[in-house]
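A.B. asks: Enclosed is the structure file entry_1.pdb (PDB, C-alpha atoms).
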```pdb
ATOM      1  CA  MET A1120     -18.392 -65.909 -64.569
ATOM      2  CA  PRO A1121     -18.699 -64.280 -68.014
ATOM      3  CA  PRO A1122     -16.395 -61.252 -68.603
ATOM      4  CA  GLN A1123     -19.327 -58.964 -69.447
ATOM      5  CA  THR A1124     -20.980 -59.660 -66.097
ATOM      6  CA  GLN A1125     -17.731 -58.848 -64.233
ATOM      7  CA  LYS A1126     -17.387 -55.613 -66.215
ATOM      8  CA  ARG A1127     -20.927 -54.528 -65.289
ATOM      9  CA  ARG A1128     -20.259 -55.199 -61.596
ATOM     10  CA  ARG A1129     -17.039 -53.157 -61.649
ATOM     11  CA  THR A1130     -18.864 -50.301 -63.357
ATOM     12  CA  GLY A1131     -21.626 -50.378 -60.737
ATOM     13  CA  HIS A1132     -19.095 -50.281 -57.907
ATOM     14  CA  ARG A1133     -17.398 -47.240 -59.436
ATOM     15  CA  ARG A1134     -20.708 -45.374 -59.714
ATOM     16  CA  GLU A1135     -21.528 -46.108 -56.057
ATOM     17  CA  GLU A1136     -18.081 -44.884 -54.936
ATOM     18  CA  GLU A1137     -18.452 -41.667 -56.999
ATOM     19  CA  GLU A1138     -21.875 -40.972 -55.445
ATOM     20  CA  GLU A1139     -20.487 -41.467 -51.937
ATOM     21  CA  ASP A1140     -17.597 -39.066 -52.704
ATOM     22  CA  ASN A1141     -20.055 -36.426 -53.927
ATOM     23  CA  ILE A1142     -22.113 -36.776 -50.751
ATOM     24  CA  ARG A1143     -18.982 -36.315 -48.612
ATOM     25  CA  ARG A1144     -17.921 -33.187 -50.534
ATOM     26  CA  ASN A1145     -21.354 -31.641 -50.124
ATOM     27  CA  ARG A1146     -21.272 -32.222 -46.396
ATOM     28  CA  ARG A1147     -17.874 -30.543 -46.100
ATOM     29  CA  GLN A1148     -18.881 -27.394 -48.001
ATOM     30  CA  PRO A1149     -20.318 -24.638 -45.700
ATOM     31  CA  LYS A1150     -23.849 -23.512 -46.296
ATOM     32  CA  PRO A1151     -24.106 -20.115 -48.006
ATOM     33  CA  ALA A1152     -24.970 -17.350 -45.601
ATOM     34  CA  PRO A1153     -28.391 -15.802 -46.168
ATOM     35  CA  GLU A1154     -28.463 -12.272 -47.448
ATOM     36  CA  SER A1155     -29.347  -9.632 -44.925
ATOM     37  CA  ASP A1156     -32.565  -7.718 -45.121
ATOM     38  CA  ASP A1157     -30.829  -4.503 -46.130
ATOM     39  CA  GLY A1158     -29.018  -6.226 -49.001
ATOM     40  CA  SER A1159     -25.541  -5.843 -47.520
ATOM     41  CA  ASP A1160     -22.821  -8.394 -48.107
ATOM     42  CA  PRO A1161     -22.702 -11.061 -45.373
ATOM     43  CA  SER A1162     -18.910 -10.810 -45.293
ATOM     44  CA  GLU A1163     -19.217  -7.229 -44.049
ATOM     45  CA  ASN A1164     -21.248  -8.363 -41.021
ATOM     46  CA  GLU A1165     -18.673 -11.075 -40.303
ATOM     47  CA  ASP A1166     -15.872  -8.479 -40.326
ATOM     48  CA  GLU A1167     -17.790  -6.327 -37.841
ATOM     49  CA  GLN A1168     -18.268  -9.290 -35.532
ATOM     50  CA  ASP A1169     -14.541 -10.053 -35.624
ATOM     51  CA  VAL A1170     -13.715  -6.482 -34.619
ATOM     52  CA  ASP A1171     -16.154  -6.608 -31.725
ATOM     53  CA  MET A1172     -14.624  -9.832 -30.461
ATOM     54  CA  ASP A1173     -11.153  -8.363 -30.614
ATOM     55  CA  ARG A1174     -12.275  -5.339 -28.619
ATOM     56  CA  ALA A1175     -13.914  -7.570 -26.002
ATOM     57  CA  PRO A1176     -16.164  -4.904 -24.449
ATOM     58  CA  GLY A1177     -15.718  -4.706 -20.683
ATOM     59  CA  ALA A1178     -12.662  -6.944 -20.605
ATOM     60  CA  ASP A1179     -10.306  -4.065 -19.740
ATOM     61  CA  ASN A1180     -12.644  -2.821 -17.020
ATOM     62  CA  THR A1181     -12.876  -6.282 -15.512
ATOM     63  CA  SER A1182      -9.088  -6.620 -15.516
ATOM     64  CA  ASP A1183      -8.671  -3.205 -13.852
ATOM     65  CA  ASP A1184     -11.238  -4.094 -11.190
ATOM     66  CA  GLN A1185      -9.309  -7.225 -10.297
ATOM     67  CA  LEU A1186      -6.047  -5.279 -10.136
ATOM     68  CA  VAL A1187      -7.662  -2.644  -7.916
ATOM     69  CA  LYS A1188      -8.926  -5.291  -5.493
ATOM     70  CA  LYS A1189      -5.519  -6.938  -5.501
ATOM     71  CA  LEU A1190      -3.800  -3.631  -4.719
ATOM     72  CA  VAL A1191      -6.217  -2.904  -1.868
ATOM     73  CA  ARG A1192      -5.506  -6.318  -0.337
ATOM     74  CA  TYR A1193      -1.769  -5.808  -0.776
ATOM     75  CA  ALA A1194      -1.901  -2.390   0.918
ATOM     76  CA  LEU A1195      -3.903  -3.746   3.870
ATOM     77  CA  ALA A1196      -1.525  -6.681   4.277
ATOM     78  CA  CYS A1197       1.529  -4.395   4.267
ATOM     79  CA  GLU A1198      -0.029  -2.042   6.796
ATOM     80  CA  TYR A1199      -0.968  -4.934   9.069
ATOM     81  CA  ALA A1200       2.712  -5.948   9.161
ATOM     82  CA  ARG A1201       3.789  -2.274   9.440
ATOM     83  CA  ILE A1202       5.989  -2.511   6.362
ATOM     84  CA  PRO A1203       5.956   0.171   3.638
ATOM     85  CA  ILE A1204       3.924  -0.305   0.464
ATOM     86  CA  LYS A1205       6.699  -0.106  -2.112
ATOM     87  CA  ARG A1206       6.016   0.959  -5.676
ATOM     88  CA  ASP A1207       8.275  -1.814  -6.961
ATOM     89  CA  GLY A1208       6.260  -4.281  -4.892
ATOM     90  CA  ILE A1209       3.052  -3.014  -6.488
ATOM     91  CA  ARG A1210       4.488  -3.546  -9.958
ATOM     92  CA  ASP A1211       5.825  -7.025  -9.187
ATOM     93  CA  LYS A1212       3.140  -8.490  -6.913
ATOM     94  CA  VAL A1213       0.011  -6.691  -8.157
ATOM     95  CA  LEU A1214       0.324  -5.355 -11.700
ATOM     96  CA  GLY A1215       2.645  -7.887 -13.293
ATOM     97  CA  ALA A1216       2.352  -7.465 -17.067
ATOM     98  CA  HIS A1217       0.051  -4.419 -16.588
ATOM     99  CA  ALA A1218       2.767  -2.093 -15.259
ATOM    100  CA  ARG A1219       1.619   0.736 -17.559
ATOM    101  CA  SER A1220      -1.726   0.817 -15.730
ATOM    102  CA  PHE A1221      -0.062   1.887 -12.455
ATOM    103  CA  ARG A1222      -1.552   5.373 -12.157
ATOM    104  CA  ARG A1223      -5.063   4.307 -13.149
ATOM    105  CA  VAL A1224      -5.100   1.313 -10.781
ATOM    106  CA  PHE A1225      -3.460   3.299  -7.980
ATOM    107  CA  ASP A1226      -6.050   6.107  -8.138
ATOM    108  CA  ALA A1227      -8.938   3.612  -8.208
ATOM    109  CA  ALA A1228      -7.487   1.763  -5.201
ATOM    110  CA  GLN A1229      -7.172   5.073  -3.337
ATOM    111  CA  GLU A1230     -10.861   5.722  -3.948
ATOM    112  CA  GLN A1231     -11.812   2.252  -2.674
ATOM    113  CA  LEU A1232      -9.674   2.639   0.443
ATOM    114  CA  GLN A1233     -11.243   6.016   1.216
ATOM    115  CA  LYS A1234     -14.854   4.957   0.674
ATOM    116  CA  VAL A1235     -14.740   1.502   2.273
ATOM    117  CA  PHE A1236     -11.979   1.637   4.894
ATOM    118  CA  GLY A1237     -11.612   5.347   5.672
ATOM    119  CA  MET A1238      -7.906   5.255   4.751
ATOM    120  CA  GLU A1239      -5.588   6.293   1.971
ATOM    121  CA  MET A1240      -2.033   5.646   0.850
ATOM    122  CA  MET A1241       0.354   8.461   1.711
ATOM    123  CA  GLU A1242       3.909   8.642   0.410
ATOM    124  CA  LEU A1243       6.650   8.482   3.016
ATOM    125  CA  PRO A1244       9.307  11.191   3.113
ATOM    126  CA  THR A1245      12.803  10.227   2.021
ATOM    127  CA  ARG A1246      15.339   9.306   4.663
ATOM    128  CA  GLU A1247      17.515  12.231   5.615
ATOM    129  CA  LYS A1248      21.281  12.097   5.194
ATOM    130  CA  ARG A1249      22.450  12.040   8.803
ATOM    131  CA  THR A1250      26.143  11.182   8.776
ATOM    132  CA  LEU A1251      28.876  13.355   7.287
ATOM    133  CA  LYS A1252      29.712  10.651   4.752
ATOM    134  CA  ASP A1253      26.094  10.430   3.571
ATOM    135  CA  LYS A1254      25.849  14.215   3.283
ATOM    136  CA  GLN A1255      29.012  14.343   1.171
ATOM    137  CA  LYS A1256      27.612  11.658  -1.130
ATOM    138  CA  ALA A1257      24.365  13.636  -1.484
ATOM    139  CA  VAL A1258      26.320  16.770  -2.454
ATOM    140  CA  LYS A1259      28.200  14.858  -5.136
ATOM    141  CA  ARG A1260      24.978  13.461  -6.590
ATOM    142  CA  GLY A1261      23.469  16.917  -6.883
ATOM    143  CA  ALA A1262      20.629  18.879  -5.380
ATOM    144  CA  SER A1263      18.031  16.940  -7.410
ATOM    145  CA  GLN A1264      18.352  14.044  -4.963
ATOM    146  CA  ALA A1265      16.815  16.176  -2.204
ATOM    147  CA  SER A1266      13.462  16.250  -3.978
ATOM    148  CA  ALA A1267      13.542  12.592  -5.030
ATOM    149  CA  SER A1268      10.518  10.439  -4.280
ATOM    150  CA  SER A1269      10.771   7.676  -1.690
ATOM    151  CA  ARG A1270       8.468   5.440  -3.809
ATOM    152  CA  GLN A1271       7.029   4.055  -0.556
ATOM    153  CA  TYR A1272       3.604   4.508   1.030
ATOM    154  CA  ILE A1273       1.726   3.756   4.239
ATOM    155  CA  LEU A1274      -1.973   3.820   5.074
ATOM    156  CA  ILE A1275      -3.289   6.735   7.113
ATOM    157  CA  SER A1276      -6.777   7.441   8.396
ATOM    158  CA  THR A1277      -9.032   9.851   6.518
ATOM    159  CA  LEU A1278     -11.749   9.887   9.184
ATOM    160  CA  PRO A1279     -12.780  13.287  10.586
ATOM    161  CA  ARG A1280     -11.124  14.281  13.859
ATOM    162  CA  GLU A1281     -14.281  13.635  15.900
ATOM    163  CA  TYR A1282     -14.258   9.978  14.869
ATOM    164  CA  ARG A1283     -10.606   9.343  15.691
ATOM    165  CA  ILE A1284     -11.392   8.180  19.197
ATOM    166  CA  GLN A1285     -10.747   4.941  21.010
ATOM    167  CA  PRO A1286     -14.246   3.405  20.624
ATOM    168  CA  VAL A1287     -14.056   3.934  16.828
ATOM    169  CA  ILE A1288     -10.406   3.204  16.032
ATOM    170  CA  GLY A1289      -9.110   1.468  19.112
ATOM    171  CA  PRO A1290      -5.878  -0.553  19.237
ATOM    172  CA  SER A1291      -5.629  -3.776  17.273
ATOM    173  CA  ARG A1292      -6.684  -6.957  19.036
ATOM    174  CA  ILE A1293      -3.673  -8.809  17.627
ATOM    175  CA  PRO A1294      -1.640  -9.818  19.533
ATOM    176  CA  SER A1295      -3.793  -8.110  22.185
ATOM    177  CA  ALA A1296      -5.400  -4.709  22.666
ATOM    178  CA  ALA A1297      -3.334  -3.998  25.793
ATOM    179  CA  GLU A1298      -0.027  -4.926  24.150
ATOM    180  CA  GLU A1299      -0.803  -2.912  21.014
ATOM    181  CA  ALA A1300      -1.845   0.115  23.073
ATOM    182  CA  ALA A1301       1.383  -0.093  25.097
ATOM    183  CA  TYR A1302       3.440  -0.340  21.903
ATOM    184  CA  VAL A1303       1.741   2.683  20.285
ATOM    185  CA  GLY A1304       2.059   4.690  23.489
ATOM    186  CA  PHE A1305       5.750   3.806  23.815
ATOM    187  CA  TYR A1306       6.828   4.889  20.322
ATOM    188  CA  THR A1307       4.616   8.000  20.528
ATOM    189  CA  VAL A1308       6.405   9.116  23.702
ATOM    190  CA  ILE A1309       9.862   8.353  22.242
ATOM    191  CA  ILE A1310       9.100  10.207  18.998
ATOM    192  CA  SER A1311       7.733  13.153  21.004
ATOM    193  CA  LEU A1312      10.912  13.320  23.123
ATOM    194  CA  ILE A1313      13.142  13.250  20.035
ATOM    195  CA  THR A1314      11.084  15.863  18.177
ATOM    196  CA  LEU A1315      11.036  18.212  21.170
ATOM    197  CA  SER A1316      14.827  17.794  21.451
ATOM    198  CA  SER A1317      15.433  19.543  18.103
ATOM    199  CA  GLY A1318      14.908  16.339  16.112
ATOM    200  CA  GLU A1319      17.679  14.186  17.551
ATOM    201  CA  LEU A1320      18.584  12.576  20.852
ATOM    202  CA  SER A1321      21.864  11.038  21.996
ATOM    203  CA  ASP A1322      21.876   7.434  23.081
ATOM    204  CA  MET A1323      22.814   8.435  26.626
ATOM    205  CA  LYS A1324      19.862  10.805  26.957
ATOM    206  CA  LEU A1325      17.472   8.256  25.476
ATOM    207  CA  ARG A1326      18.595   5.620  27.982
ATOM    208  CA  ARG A1327      18.105   8.144  30.756
ATOM    209  CA  TYR A1328      14.543   8.827  29.622
ATOM    210  CA  LEU A1329      13.823   5.091  29.345
ATOM    211  CA  THR A1330      15.032   4.587  32.902
ATOM    212  CA  ARG A1331      12.767   7.355  34.181
ATOM    213  CA  LEU A1332       9.851   5.780  32.281
ATOM    214  CA  ASN A1333      10.743   2.405  33.823
ATOM    215  CA  ALA A1334      10.453   0.958  30.315
ATOM    216  CA  SER A1335      12.085  -2.342  31.245
ATOM    217  CA  GLN A1336       9.146  -3.070  33.559
ATOM    218  CA  ASN A1337       6.307  -1.316  31.727
ATOM    219  CA  LEU A1338       6.792  -2.837  28.265
ATOM    220  CA  PRO A1339       4.750  -6.053  28.195
ATOM    221  CA  MET A1340       5.814  -7.264  24.735
ATOM    222  CA  ASP A1341       9.609  -7.639  24.862
ATOM    223  CA  LYS A1342      12.891  -6.283  26.185
ATOM    224  CA  THR A1343      13.506  -2.589  25.633
ATOM    225  CA  ASP A1344      16.410  -3.082  23.201
ATOM    226  CA  HIS A1345      14.357  -5.541  21.136
ATOM    227  CA  VAL A1346      11.475  -3.065  20.950
ATOM    228  CA  LEU A1347      13.863  -0.316  19.808
ATOM    229  CA  GLN A1348      15.203  -2.586  17.059
ATOM    230  CA  LYS A1349      11.633  -3.306  15.986
ATOM    231  CA  LEU A1350      10.915   0.420  15.796
ATOM    232  CA  ILE A1351      13.961   0.842  13.554
ATOM    233  CA  ARG A1352      12.833  -1.958  11.222
ATOM    234  CA  GLN A1353       9.331  -0.520  10.936
ATOM    235  CA  GLY A1354      10.602   3.001  10.184
ATOM    236  CA  TYR A1355       9.540   4.763  13.374
ATOM    237  CA  LEU A1356      13.116   5.512  14.467
ATOM    238  CA  ASP A1357      16.522   5.949  12.847
ATOM    239  CA  LYS A1358      19.688   5.001  14.682
ATOM    240  CA  VAL A1359      22.652   6.974  13.364
ATOM    241  CA  VAL A1360      26.086   5.604  14.241
ATOM    242  CA  GLU A1361      29.122   7.803  13.611
ATOM    243  CA  ARG A1362      32.440   5.948  13.557
ATOM    244  CA  VAL A1363      35.057   7.868  15.537
ATOM    245  CA  GLU A1364      38.671   6.732  15.321
ATOM    246  CA  GLY A1365      40.249   6.035  18.703
ATOM    247  CA  ASP A1366      37.003   6.673  20.564
ATOM    248  CA  GLU A1367      33.576   5.153  21.135
ATOM    249  CA  ASP A1368      31.019   5.328  18.341
ATOM    250  CA  SER A1369      28.659   8.292  18.522
ATOM    251  CA  ILE A1370      25.015   7.088  18.509
ATOM    252  CA  THR A1371      22.153   9.455  17.788
ATOM    253  CA  TRP A1372      18.431   8.662  17.604
ATOM    254  CA  CYS A1373      16.178  10.426  15.081
ATOM    255  CA  VAL A1374      12.596  10.076  13.893
ATOM    256  CA  GLY A1375      12.138   7.713  10.929
ATOM    257  CA  PRO A1376       9.905   8.231   7.869
ATOM    258  CA  ARG A1377       6.904   6.331   9.268
ATOM    259  CA  GLY A1378       7.240   8.071  12.616
ATOM    260  CA  LYS A1379       7.098  11.495  10.950
ATOM    261  CA  VAL A1380       3.823  10.632   9.209
ATOM    262  CA  GLU A1381       2.035   8.744  11.996
ATOM    263  CA  VAL A1382       3.123  10.995  14.873
ATOM    264  CA  SER A1383       2.766  14.474  13.440
ATOM    265  CA  PRO A1384       3.647  17.698  15.321
ATOM    266  CA  GLN A1385      -0.066  18.246  15.975
ATOM    267  CA  ASN A1386      -0.330  14.809  17.596
ATOM    268  CA  ILE A1387       2.772  15.482  19.686
ATOM    269  CA  ALA A1388       1.279  18.762  20.911
ATOM    270  CA  ARG A1389      -1.924  16.962  21.915
ATOM    271  CA  VAL A1390       0.040  14.278  23.766
ATOM    272  CA  VAL A1391       2.050  16.916  25.659
ATOM    273  CA  SER A1392      -1.091  18.846  26.562
ATOM    274  CA  GLU A1393      -2.897  15.677  27.658
ATOM    275  CA  ILE A1394      -0.015  14.483  29.830
ATOM    276  CA  TRP A1395       0.452  17.920  31.356
ATOM    277  CA  GLY A1396      -3.145  17.942  32.597
ATOM    278  CA  ASP A1397      -3.423  21.559  33.772
ATOM    279  CA  PRO A1398      -1.028  23.301  31.374
ATOM    280  CA  PRO A1399       0.629  26.625  32.171
ATOM    281  CA  ASP A1400      -0.326  29.754  30.311
ATOM    282  CA  ASP A1401       2.781  29.771  28.138
ATOM    283  CA  LEU A1402       2.449  26.127  26.982
ATOM    284  CA  ASP A1403       1.014  27.101  23.597
ATOM    285  CA  THR A1404       3.866  29.533  23.060
ATOM    286  CA  LYS A1405       6.445  26.851  23.813
ATOM    287  CA  LEU A1406       4.709  24.283  21.601
ATOM    288  CA  GLU A1407       4.511  26.772  18.741
ATOM    289  CA  LYS A1408       8.218  27.499  19.090
ATOM    290  CA  SER A1409       9.195  23.813  19.255
ATOM    291  CA  LEU A1410       6.666  22.237  16.867
ATOM    292  CA  GLY A1411       5.323  25.070  14.743
ATOM    293  CA  VAL A1412       1.703  24.475  15.811
ATOM    294  CA  ARG A1413      -0.716  26.858  17.469
ATOM    295  CA  GLY A1414      -3.626  26.665  19.872
ATOM    296  CA  ILE A1415      -3.453  22.938  20.648
ATOM    297  CA  GLY A1416      -3.113  23.337  24.413
ATOM    298  CA  GLN A1417      -5.968  25.832  24.657
ATOM    299  CA  SER A1418      -8.300  23.664  22.592
ATOM    300  CA  GLN A1419      -7.453  20.578  24.687
ATOM    301  CA  THR A1420      -8.137  22.499  27.897
ATOM    302  CA  ALA A1421     -11.430  23.777  26.511
ATOM    303  CA  ASN A1422     -12.480  20.269  25.523
ATOM    304  CA  ARG A1423     -11.750  18.918  28.993
ATOM    305  CA  ALA A1424     -13.596  21.787  30.623
ATOM    306  CA  GLY A1425     -16.600  21.199  28.417
ATOM    307  CA  ALA A1426     -16.593  17.506  29.210
ATOM    308  CA  GLU A1427     -16.526  18.036  32.990
ATOM    309  CA  PRO A1428     -19.985  18.542  34.543
ATOM    310  CA  GLU A1429     -20.569  21.730  36.415
ATOM    311  CA  GLU A1430     -21.207  21.675  40.148
ATOM    312  CA  GLY A1431     -24.816  21.110  41.086
ATOM    313  CA  GLU A1432     -25.679  19.142  37.936
TER     314      GLU A1432
END
```
Here is the file; what I need is its structure written in the form of structure tokens.

C.D. replies:
Amino acid sequence: MPPQTQKRRRTGHRREEEEEDNIRRNRRQPKPAPESDDGSDPSENEDEQDVDMDRAPGADNTSDDQLVKKLVRYALACEYARIPIKRDGIRDKVLGAHARSFRRVFDAAQEQLQKVFGMEMMELPTREKRTLKDKQKAVKRGASQASASSRQYILISTLPREYRIQPVIGPSRIPSAAEEAAYVGFYTVIISLITLSSGELSDMKLRRYLTRLNASQNLPMDKTDHVLQKLIRQGYLDKVVERVEGDEDSITWCVGPRGKVEVSPQNIARVVSEIWGDPPDDLDTKLEKSLGVRGIGQSQTANRAGAEPEEGE
């Protein structure tokens, strides 16, 4: 083949390769953005869009809603197991990396619990220093410890008094309604006895009361000692053991933090008045002196009288 012909072919190949390169470059270059109607620079609109994406409208609200739902479920699960709702547990199991949102999420969860379930989270009181050793430690730490927060909560009902009746808020069906009712009645009576005994009861006196109640036969769920241990774990009772050298340990029973909240002095007065049936005239005076409440016995008697039909009806 003549050299001139080969030269022309090489030149033609080069031109074709250059045209293909130009086409590829044009495809890679972005199309110019059209000018806006108001004549503003397109880059300004792009900057505004970037800011909006970074803000992500509604993303924070959605995250808070999920945390609120998670906290509500956590509170219900803790209350079902009768264990306290701990603030550290809320931070670890609910909030996670959103620990700074505690107050906002907590208040929103309170609102949901009140509106939907008729309940709210109430902080438990701190455990009292019972033994001499504990009291000495508290004195060394300073008086500020007395007002320290327990950082633990339980769920309490916010329903009006007229709706706190058995058909509305009856005992749980798990494990059974009868067993749950017996359990609630048992710890209510024990807490009432301790409270009416100036806030503490010796182990000997407690055993004497349990014998008179025939607790070993009337408790359907478990042995009496096992039920007492369960009440200690759940915070209804406190068992204070004082070590005495050369003698038997001194055991005293007191009301625990959960017991103080669930079985209030007003509830104890109602239980006493209900059990008494036809109370004496000075019952209200005695209850006021022991519990600091007034008029419970009279109101209970009036309610029963109003509920009984008159003769001839």

A.B. asks: I'd like the interatomic distance between atom CA of A:Lys1324 and atom CA of A:Asp1397, to a tenth of an Å.

C.D. replies: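 Atom CA of A:Lys1324 sits 26.5 Å away from atom CA of A:Asp1397.
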
A.B. asks: Please measure the separation of atom CA of A:Thr1307 and atom CA of A:Val1412, giving the value in Å to one decimal.

C.D. replies: 17.4 Å

A.B. asks: Near stretch 1357-1364 of chain A, counting all atoms listed in the file, which residues have an atom at most 8 Å away, once you skip same-chain residues fewer than 4 positions from it, shown as a PyMOL selection string?

C.D. replies: chain A and resi 1249-1250+1351+1368-1375

A.B. asks: Find the distance between atom CA of A:Thr1343 and atom CA of A:Ala1196 and write it in Å to one decimal.

C.D. replies: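 Calculated distance between atom CA of A:Thr1343 and atom CA of A:Ala1196 is 26.4 Å.
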
A.B. asks: Name the closest residue to A:Lys1408 among the candidates A:Trp1395, A:Pro1384, A:Ile1310, A:Ile1275; distances are taken between atoms, counting all atoms listed in the file.

C.D. replies: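 Checking each candidate against A:Lys1408, we get A:Pro1384 as the closest.
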
A.B. asks: Pick from A:Leu1356, A:Val1346, A:Ile1284, A:Leu1338: nearest to A:Val1380, with all atoms listed in the file counted?

C.D. replies: A:Leu1356

A.B. asks: Enumerate, as a list in words, the residues matched when the PyMOL selection byres ((chain A and resi 1224) around 10) is run on the file above.

C.D. replies: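 For this structure, the PyMOL selection byres ((chain A and resi 1224) around 10) captures Asp1183, Asp1184, Gln1185, Leu1186, Val1187, Lys1188, Lys1189, Leu1190, Val1191, Val1213, Leu1214, His1217, Ala1218, Arg1219, Ser1220, Phe1221, Arg1222, Arg1223, Phe1225, Asp1226, Ala1227, Ala1228, Gln1229 and Glu1230 of chain A.
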
A.B. asks: Starting from the shown file, work through the PyMOL selection byres ((chain A and resi 1329) around 12) and note down what comes out as a list in words.

C.D. replies: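 Evaluating the PyMOL selection byres ((chain A and resi 1329) around 12) on this file yields Phe1305, Tyr1306, Val1308, Ile1309, Leu1312, Asp1322, Met1323, Lys1324, Leu1325, Arg1326, Arg1327, Tyr1328, Thr1330, Arg1331, Leu1332, Asn1333, Ala1334, Ser1335, Gln1336, Asn1337, Leu1338, Lys1342, Thr1343, Asp1344, Val1346 and Leu1347 of chain A.
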
A.B. asks: Any chance you could export the current selection's C-alpha atoms as an mmCIF file, keeping the file's coordinate frame?

C.D. replies:
```cif
data_model
loop_
_atom_site.group_PDB
_atom_site.id
_atom_site.type_symbol
_atom_site.label_atom_id
_atom_site.label_comp_id
_atom_site.auth_asym_id
_atom_site.auth_seq_id
_atom_site.Cartn_x
_atom_site.Cartn_y
_atom_site.Cartn_z
ATOM 1 C CA PHE A 1305 5.750 3.806 23.815
ATOM 2 C CA TYR A 1306 6.828 4.889 20.322
ATOM 3 C CA VAL A 1308 6.405 9.116 23.702
ATOM 4 C CA ILE A 1309 9.862 8.353 22.242
ATOM 5 C CA LEU A 1312 10.912 13.320 23.123
ATOM 6 C CA ASP A 1322 21.876 7.434 23.081
ATOM 7 C CA MET A 1323 22.814 8.435 26.626
ATOM 8 C CA LYS A 1324 19.862 10.805 26.957
ATOM 9 C CA LEU A 1325 17.472 8.256 25.476
ATOM 10 C CA ARG A 1326 18.595 5.620 27.982
ATOM 11 C CA ARG A 1327 18.105 8.144 30.756
ATOM 12 C CA TYR A 1328 14.543 8.827 29.622
ATOM 13 C CA THR A 1330 15.032 4.587 32.902
ATOM 14 C CA ARG A 1331 12.767 7.355 34.181
ATOM 15 C CA LEU A 1332 9.851 5.780 32.281
ATOM 16 C CA ASN A 1333 10.743 2.405 33.823
ATOM 17 C CA ALA A 1334 10.453 0.958 30.315
ATOM 18 C CA SER A 1335 12.085 -2.342 31.245
ATOM 19 C CA GLN A 1336 9.146 -3.070 33.559
ATOM 20 C CA ASN A 1337 6.307 -1.316 31.727
ATOM 21 C CA LEU A 1338 6.792 -2.837 28.265
ATOM 22 C CA LYS A 1342 12.891 -6.283 26.185
ATOM 23 C CA THR A 1343 13.506 -2.589 25.633
ATOM 24 C CA ASP A 1344 16.410 -3.082 23.201
ATOM 25 C CA VAL A 1346 11.475 -3.065 20.950
ATOM 26 C CA LEU A 1347 13.863 -0.316 19.808
#
```

A.B. asks: A:Phe1236, A:Pro1339, A:Arg1270, A:Lys1379: which is nearest A:Ala1300, counting only C-alpha atoms?

C.D. replies: A:Pro1339

A.B. asks: Specify as a PyMOL selection string each residue included when the PyMOL selection byres ((chain A and resi 1244) around 6) is applied to this file.

C.D. replies: chain A and resi 1243+1245+1376

A.B. asks: Pick from A:Arg1192, A:Thr1314, A:Gly1237, A:Ala1388: nearest to A:Val1287, with only C-alpha atoms counted?

C.D. replies: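 Among A:Arg1192, A:Thr1314, A:Gly1237, A:Ala1388, it is A:Gly1237 that comes nearest to A:Val1287.
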